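Q: Here's a structure for you.
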Amino acid sequence: MSRRQARRDFLARLAAGVSAGVAAGAAIAPDASGAQTAPSGVPRRKFGRHPDMVSALGIGGHHVGNCATVQDAIALVHEAVDNGITFCDNAWEYNDHRSEEWLGAALRGGWRDRVFLMTKVCTHGRDASVAMQMLEESLRRLGTDHLDLWQIHAVVYDNDPDLAYRKNGVIEALDRAKREGKVRYVGFSGHKDPRIHKRMIDLGYAWDSVQFPINAFDAQFRSFQQIVLPEAVKRGIAVLGMKPFQGRGDPFHHADVKLTPQQALRYAMSVPGVTVTITGMESLDVLRQNLAIAKSFVPMTAGELQQTVAAVAPHAGDGRFEIYKTSLAFDDIVTRQMHEQPLLGAEA
Amino acid sequence: MPVPHRSLKGVSVSIIGIGGSSLGDVKDDSEAGRIVAEALDAGINFFDNAWEYHDGASEERVGRALSGKRDRAFLMTKVCSHGRSRAVAMQQLEDSLRRLKTDHLDLWQIHEVIYDNDPDLHFAPDGAVEALTQAKQQGKVRFVGFTGHKDPDIHLAMLSHRYPFDTVQMPLNPFDKNYRSFAERVVPEAQRQGVAVIGMKSMGGGGEPVKRGAATPQELLRYAMSVPGILTTVSGIDSYDVFRQNLAVASSFTPMSASEMAALEARVRPISGDGRLEHYKATKIYDAAVGRMQHGFPSATELPA
């Protein structure tokens, strides 16, 4: 199916109020994916085909390491958890490991058991043994003996699926870690191209989760929502949305883009089939703004979703606000090094 | 031995062309003029350019170098409206003709069709495609086409309109064969439609494969010129030495066999699958300023790759 045809089909499904992930004709309400409202108000949702419930809003791990001090990071995580957020994202390579260290500092003293803890492995094509070493380092930094979810980080180059599935590749490490009880669930993540994600799924591994950008721009440009989300939902793979604000909020600095942060986050959390929306929060102000949206969350109707997509359409067709798809800007240094990509701008 | 020629609808074109952007990088007018004069004498008649190369200086340089020799050249340049109106395109045509000191082009192509929505913009009413038609009707250009270095899907979307393009330009090298391949996907469709194929980036754009010893310039240029159905290969030549090197390959050209080509593709496959030697596809490095601006992208300073 061409991208254009896929886009038309997707918009038609939205218009019909039909979940992108449900067989044709089976109309459901947008938030029927096992959603429950926690006493605190942040909705919780079922983690794919598994019984676990996770918060619909997740703490992006990269930004935990962008807080001013470790004390600020601890305060942010504690306030988030006290307000009903359970899902914590991270990656072995974020901020040269500071992100895992600071999240680990926040989770000591019993907080670990109140969260659904995820981090990501950063072999970028290297062997399973490299992955297992990274897992030990992540566990040590996070101060725990197990992860709830371990994902392959930055599946963003066209040959990454083949490298992951090769003999002695990272997928063998996922299996080993599960067998050893060090991780409960496994998945993969990437921000680049839905065709790469589709191939990761099509090659057949029993993924528990998959992470990708979900926002109104993505709905109409190299769209994960069109191409990957239906496949994930069909297989009971939990859908972890990211980049609800385009990674760094670029559209909100353009007066001619008719979209508020509130609309953007609400859109991302409302896309039928999404389990959790992960977003970076490097200050209490940002956390509280997002908590306010999450606590009063009412899913957008199909019509509202479609209106939001239409509102950003003039700025969506060339990926100008999805530079994680159209440039190397969001590819970390190690990712680039392992694929011998230019490091221009990587320090930014 | 003179450089071989091939036919574009009865018009004779050399199998290698002089790239206009790199000619603008040659250190001075004297060396550039020498390259152009010796190229013509050796049988190279294809000269590439674009309205936006070096802010017009590449066209001006070729205009000076071809002064009095215009009729011996097959002169191409490209229009850089990047989604703007037909009037913008026609104004650029006048600029190009003036800089190139001629009253007509042999080939006028839409430049840098590299953004996913470019086909829609160019084919929109009052878009660049209408300018191609108008320029042809006015006798200002003989042939028309388009070019881009990014994604075969975008080229195929352009071709899906069945507009009578005479040419289509794309990267062709053994790395392409293993990564988002124009050779696999666009060349066959162009041939079905009778659109002549122009190759570029035979050495990966910046010569990275040569620098790392993955292949020799001779192998890569010969490979590109051997792609079945190809009309000519635009070659980036930024010095007299590079000119002599590439001229030698073109003058002694014998096509690679299919098995020779397959062997080279296989040899470079381990370093091709992620685009590490095709920066024009995998990064923003080759995306020029005017297109970025028209598409609302950050500048090369803000978003280098």
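By convention in this document, the chains of the structure tokens carry letters A, B, ... by their order, each chain's residues are numbered from 1, and ligands are numbered from 1 in the order they are shown.
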Mind listing as an MDAnalysis selection string which residues of chain A are within 7 Å of chain B, counting only C-alpha atoms?
A: chainID A and resid 157:159 317:318 320 327:329 339:341 344:345
Q: Residues near Asp148 (chain A), anyone? I mean within 12 Å using only C-alpha atoms, not counting same-chain ones fewer than 5 positions away, as a VMD selection string.
A: chain A and resid 47 50 52 to 54 86 to 90 112 to 120 139 177 to 178 181 to 187 208 to 209
Q: If you keep C-alpha atoms, can you produce a file of those selected residues as a compact mmCIF listing (two decimals), in the first residue's frame?
A:
```txt
# COMPACT_ATOMS: atom_id res chain seq x y z
CA PHE A 47 -0.30 -2.99 28.96
CA HIS A 50 -0.77 -8.46 29.52
CA ASP A 52 -0.52 -4.98 34.04
CA MET A 53 -2.01 -1.50 34.25
CA VAL A 54 0.22 1.50 33.54
CA THR A 86 3.68 4.89 37.17
CA PHE A 87 5.43 4.59 33.82
CA CYS A 88 9.14 5.50 33.84
CA ASP A 89 11.13 5.55 30.60
CA ASN A 90 14.92 5.59 30.24
CA ARG A 112 10.92 1.44 42.81
CA ASP A 113 7.95 -0.77 43.66
CA ARG A 114 5.45 1.98 42.85
CA VAL A 115 6.52 2.32 39.21
CA PHE A 116 6.57 0.37 35.97
CA LEU A 117 10.26 0.70 35.15
CA MET A 118 11.58 0.64 31.61
CA THR A 119 15.01 1.25 30.16
CA LYS A 120 16.55 0.59 26.76
CA LEU A 139 20.16 -2.39 36.81
CA ALA A 177 17.20 -11.57 30.25
CA LYS A 178 13.60 -12.73 30.41
CA GLY A 181 14.09 -13.03 35.51
CA LYS A 182 15.91 -9.74 35.03
CA VAL A 183 13.21 -8.27 32.81
CA ARG A 184 9.50 -9.01 32.65
CA TYR A 185 8.67 -7.65 29.21
CA VAL A 186 10.62 -6.66 26.11
CA GLY A 187 10.07 -4.31 23.19
CA ASP A 208 5.41 -7.03 24.42
CA SER A 209 5.70 -3.35 23.50
```
Q: What does the structure give for the distance between CA of Gly199 (chain B) and CA of Gly127 (chain B), in Å to one decimal?
A: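 So the answer is 25.3 Å.
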Q: Using only C-alpha atoms, which protein or nucleic acid residues come within 7 Å of region 274-282 of chain A? Drop anything in the same chain fewer than 5 positions from it, and give the result as an MDAnalysis selection string.
A: chainID A and resid 45:47 55:64 66:67 238:244 268:269 287
Q: Between CA of Ile74 (chain A) and CA of Gly109 (chain A), measure the distance and give it in Å to one decimal.
A: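 Computed distance, CA of Ile74 (chain A) to CA of Gly109 (chain A), equals 11.6 Å.
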Q: Among region 280-314 of chain A, which residues does DSSP mark as alpha helix (DSSP H) when it is run on the backbone? Keep the chain and numbering as in the structure and answer as a PyMOL selection string.
A: chain A and resi 284-295+302-312
Q: Separation of CA of Ala57 (chain B) and CA of Gly19 (chain B), in Å?
A: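 Atom-to-atom, CA of Ala57 (chain B) and CA of Gly19 (chain B) are spaced 13.4 Å apart.
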Q: Determine which residues of region 115-338 of chain A DSSP labels as strand (DSSP E) from the backbone of this structure, then write them out as a PyMOL selection string.
A: chain A and resi 116-121+147-152+183-189+209-213+238-242+276-280
Q: Emit the selected residues as a CSV table (one decimal), in the first residue's frame, including C-alpha atoms.
A:
```csv
chain,number,residue,atom,x,y,z
A,116,PHE,CA,6.6,0.4,36.0
A,117,LEU,CA,10.3,0.7,35.1
A,118,MET,CA,11.6,0.6,31.6
A,119,THR,CA,15.0,1.2,30.2
A,120,LYS,CA,16.5,0.6,26.8
A,121,VAL,CA,19.6,-1.3,25.5
A,147,LEU,CA,13.1,-4.1,34.9
A,148,ASP,CA,9.4,-4.2,34.1
A,149,LEU,CA,10.3,-3.5,30.5
A,150,TRP,CA,13.6,-3.6,28.5
A,151,GLN,CA,13.5,-2.2,25.0
A,152,ILE,CA,15.9,-2.0,22.1
A,183,VAL,CA,13.2,-8.3,32.8
A,184,ARG,CA,9.5,-9.0,32.7
A,185,TYR,CA,8.7,-7.7,29.2
A,186,VAL,CA,10.6,-6.7,26.1
A,187,GLY,CA,10.1,-4.3,23.2
A,188,PHE,CA,11.8,-1.9,20.9
A,189,SER,CA,11.7,1.8,20.1
A,209,SER,CA,5.7,-3.3,23.5
A,210,VAL,CA,6.7,-1.0,20.7
A,211,GLN,CA,7.5,2.7,21.1
A,212,PHE,CA,7.2,5.4,18.3
A,213,PRO,CA,6.2,9.0,17.8
A,238,ALA,CA,1.5,-2.3,24.0
A,239,VAL,CA,1.8,1.0,22.2
A,240,LEU,CA,4.1,3.5,23.8
A,241,GLY,CA,3.6,6.9,22.2
A,242,MET,CA,6.4,9.5,22.4
A,276,VAL,CA,1.0,5.4,27.4
A,277,THR,CA,2.3,8.7,26.2
A,278,ILE,CA,5.9,9.3,27.2
A,279,THR,CA,7.1,12.9,27.4
A,280,GLY,CA,10.1,14.7,28.6
```
Q: List the neighbours of Ile110 (chain B) out to 8 Å using only C-alpha atoms; skip same-chain residues closer than 2 positions along the sequence, and give me the result as a PyMOL selection string.
A: chain B and resi 78-80+108+112-113+128+145-147
Q: So, with only C-alpha atoms as the atoms that count, which of B:Gly139, B:Gly229, B:Gly24, B:Gly43 lies closest to Ala73 (chain B)?
A: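 Closest candidate: B:Gly43.
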Q: What's the 9 Å shell around Leu97 (chain B), counting only C-alpha atoms, without same-chain residues fewer than 6 positions away, as a PyMOL selection string?
A: chain B and resi 59+63+103-105+140
Q: If you count only C-alpha atoms, which residues fall within 12 Å of Asp55 (chain B), apart from same-chain ones fewer than 2 positions away, as a VMD selection string?
A: chain B and resid 20 to 21 24 49 to 53 57 to 61 80 92 95 to 96 99 288 to 290
Q: Let's have the selection written as a JSON list (two decimals), in the first residue's frame, with C-alpha atoms.
A:
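And here is the file that came out, out_17.json:
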```json
[["chain", "number", "residue", "atom", "x", "y", "z"],
["B", 20, "GLY", "CA", 27.77, 22.55, -12.31],
["B", 21, "SER", "CA", 28.01, 22.75, -8.53],
["B", 24, "GLY", "CA", 31.74, 26.38, -9.09],
["B", 49, "ASN", "CA", 23.85, 23.37, -13.55],
["B", 50, "ALA", "CA", 21.17, 24.83, -11.27],
["B", 51, "TRP", "CA", 19.81, 28.30, -10.69],
["B", 52, "GLU", "CA", 20.78, 28.10, -7.02],
["B", 53, "TYR", "CA", 24.33, 26.68, -7.24],
["B", 57, "ALA", "CA", 27.93, 31.95, -9.74],
["B", 58, "SER", "CA", 28.05, 28.44, -11.21],
["B", 59, "GLU", "CA", 25.78, 29.46, -14.08],
["B", 60, "GLU", "CA", 27.76, 32.63, -14.65],
["B", 61, "ARG", "CA", 31.00, 30.67, -14.76],
["B", 80, "CYS", "CA", 14.55, 26.06, -7.95],
["B", 92, "GLN", "CA", 14.37, 31.93, -12.71],
["B", 95, "ASP", "CA", 17.89, 34.59, -14.82],
["B", 96, "SER", "CA", 19.49, 31.32, -15.92],
["B", 99, "ARG", "CA", 23.74, 34.08, -16.72],
["B", 288, "ALA", "CA", 20.24, 23.13, -0.01],
["B", 289, "ALA", "CA", 19.24, 26.43, 1.56],
["B", 290, "VAL", "CA", 16.43, 27.60, -0.72]]
```
Q: Which of these, A:Pro342, A:Gly104, A:Gly319, A:Pro299, has the shortest distance to Lys192 (chain A) once you count only C-alpha atoms?
A: A:Gly319
Q: Neighbouring residues of region 218-221 of chain A were defined as those with any atom within 7 Å, considering only C-alpha atoms; residues of the same chain fewer than 4 positions away were excluded. Please report them as a ChimeraX atom specification.
A: /A:7,214,225-226,309,316-317,319
